[in-house]
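Peer 1: Provided herewith is a single structure, encoded as structure tokens, for subsequent inquiry.
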Amino acid sequence: MSGVVCQQVAIEFPSAAGPIKVLKGVDFEARPGELTMLVGPSGCGKTTLISVIAGLLRGATGSVNVFGQQVTSLSNRQLVPFRLANIGFIFQQYNLLAGLSVIENAAVPLVAAGSPWPDALDAARDLLNTLGLTPHLTKLPRQLSGGQQQRVAIARALVHKPRLLLCDEPTAALDGKSGQAVMGLLRDLAVSPDRAAIVVTHDPRVYAYANRIAHMEDGLLVNVEEVLPAQLATTH
Ligand SMILES: Nc1ncnc2c1ncn2[C@@H]1O[C@H](COP(=O)(O)OP(=O)(O)OP(=O)(O)O)[C@@H](O)[C@H]1O
Ligand SMILES: [Mg+2]
């Protein structure tokens, strides 16, 4: 079983000075049962790459395969159910729904995938409790701190137990202890053999949660480091 396999992924964005190549032929793999970290300087293309993998950003050339499905060949119409069923995405800017409470935000992916609201709210409540958010369930996102909003976004990405979890800087707004707890949860999700997680990070404190660290520079994957089992952080 393959997890995520990207071959020669390239994309350019228009600019006043002409098109800018942001991904220049990326070969990247995230193996099932593993947490793969994606690191590299600001602007090198990390968010762009995981957005292409999720099918949130179209127009890339090359091939992106997610658990056997060729994402690049799905139509926009086919992508929505594929994403709902298989992918959890934690955005760099959280993207919480401003008019919904914390618990409703976290429950949305299950409802969108067809669960009744009461069941979805129960699952969301459990996960939010694990993330230390029980006192905030009925608040609106704007009433929370950045770190609390980030944890709601994490709950929302995990609630439907996606096969592929894509996380853009999930610990950026968290203190050391919450960051470790979140990474433990993300690793627990990834360790099963039919799931995988890709985590973009600038935070060296969490490198020990990775099975593999993929380094990007200027639109290309330049190096992949394997983290030896003895160096892996224990999650329990
Ligand atoms: N929609 C867009 N239109 C034009 N240029 C874009 C667009 N999105 C990203 N870029 C450019 O593409 C490059 C890569 O952006 P990307 O967001 O993938 O970087 P990143 O590695 O995630 O950086 P950071 O660590 O700061 O989040 C940057 O130079 C950015 O300015
Ligand atoms: Mg980014």
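By convention here, the chains of the structure tokens are called A, B, ... in the order presented, each chain's residues are numbered starting at 1, and ligands are numbered starting at 1 in the order presented.
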Give me the residues near Leu158 (chain A) as a list in words, where near means some atom within 9 Å (using only C-alpha atoms) and where sequence neighbours in that chain fewer than 2 positions away do not count.
Peer 2: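 The residues that qualify are Gly88, Phe89, Ala106, Leu127, Ala153, Ile154, Ala155, Arg156, His160, Lys161, Pro162, Leu165, Leu186 and Leu189 of chain A.
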Peer 1: Can you pull out every residue within 9 Å of Pro109 (chain A), counting only C-alpha atoms, but drop anything in the same chain fewer than 5 positions away, and send it as a ChimeraX atom specification?
Peer 2: /A:84-85,88,114-115,120,156-157,159-160
Peer 1: Could you take the residues named above and write them with N, CA and C atoms, as an mmCIF file, in the first residue's frame?
Peer 2:
```cif
data_model
loop_
_atom_site.group_PDB
_atom_site.id
_atom_site.type_symbol
_atom_site.label_atom_id
_atom_site.label_comp_id
_atom_site.auth_asym_id
_atom_site.auth_seq_id
_atom_site.Cartn_x
_atom_site.Cartn_y
_atom_site.Cartn_z
ATOM 1 N N LEU A 84 -13.366 14.920 1.656
ATOM 2 C CA LEU A 84 -14.159 14.737 2.881
ATOM 3 C C LEU A 84 -13.906 13.366 3.493
ATOM 4 N N ALA A 85 -13.768 12.352 2.655
ATOM 5 C CA ALA A 85 -13.628 10.999 3.176
ATOM 6 C C ALA A 85 -12.206 10.692 3.624
ATOM 7 N N GLY A 88 -7.648 15.252 6.221
ATOM 8 C CA GLY A 88 -7.830 16.273 7.254
ATOM 9 C C GLY A 88 -6.758 17.321 7.029
ATOM 10 N N GLY A 114 -21.880 13.202 6.382
ATOM 11 C CA GLY A 114 -23.148 12.489 6.512
ATOM 12 C C GLY A 114 -23.553 12.065 7.915
ATOM 13 N N SER A 115 -22.716 12.339 8.942
ATOM 14 C CA SER A 115 -23.110 11.956 10.313
ATOM 15 C C SER A 115 -24.192 12.894 10.830
ATOM 16 N N ALA A 120 -21.869 13.688 15.712
ATOM 17 C CA ALA A 120 -20.686 14.489 15.364
ATOM 18 C C ALA A 120 -20.251 15.326 16.570
ATOM 19 N N ARG A 156 -10.758 19.684 14.450
ATOM 20 C CA ARG A 156 -11.566 19.596 13.225
ATOM 21 C C ARG A 156 -10.889 18.691 12.184
ATOM 22 N N ALA A 157 -9.565 18.755 12.129
ATOM 23 C CA ALA A 157 -8.863 17.940 11.129
ATOM 24 C C ALA A 157 -8.834 16.459 11.502
ATOM 25 N N VAL A 159 -11.281 14.848 13.503
ATOM 26 C CA VAL A 159 -12.548 14.299 14.018
ATOM 27 C C VAL A 159 -13.085 13.167 13.147
ATOM 28 N N HIS A 160 -12.844 13.216 11.845
ATOM 29 C CA HIS A 160 -13.387 12.159 10.974
ATOM 30 C C HIS A 160 -12.336 11.082 10.680
#
```
Peer 1: Tell me which protein, DNA and RNA residues are within 12 Å of Pro41 (chain A), counting only C-alpha atoms, leaving out same-chain ones fewer than 2 positions away, and put them as number ranges by chain.
Peer 2: A: 38-39, 43-47, 200-203, 215-221
Peer 1: Rank A:Ile90, A:Val102, A:Val206, A:Leu35 by their smallest atom-to-atom distance to ligand 2, using only C-alpha atoms and all ligand atoms, and report the top residue only.
Peer 2: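 Of the candidates, the smallest distance to ligand 2 is held by A:Ile90.
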Peer 1: Between A:Leu140, A:Ala98, A:Ala54, A:Leu79, which has the minimum distance to Arg163 (chain A) (counting only C-alpha atoms)?
Peer 2: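 So, comparing all the options, the nearest one is A:Ala54.
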Peer 1: Of the candidates A:Pro118, A:Gly176, A:Gly40, A:Gly62, which one gets nearest to ligand 2 if we count only C-alpha atoms and all ligand atoms?
Peer 2: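 Looking at the shortest contact to ligand 2, the residue is A:Gly40.
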Peer 1: How far is it from CA of Leu164 (chain A) to CA of Ile87 (chain A), in Å with one decimal?
Peer 2: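 Separation between CA of Leu164 (chain A) and CA of Ile87 (chain A): 4.9 Å.
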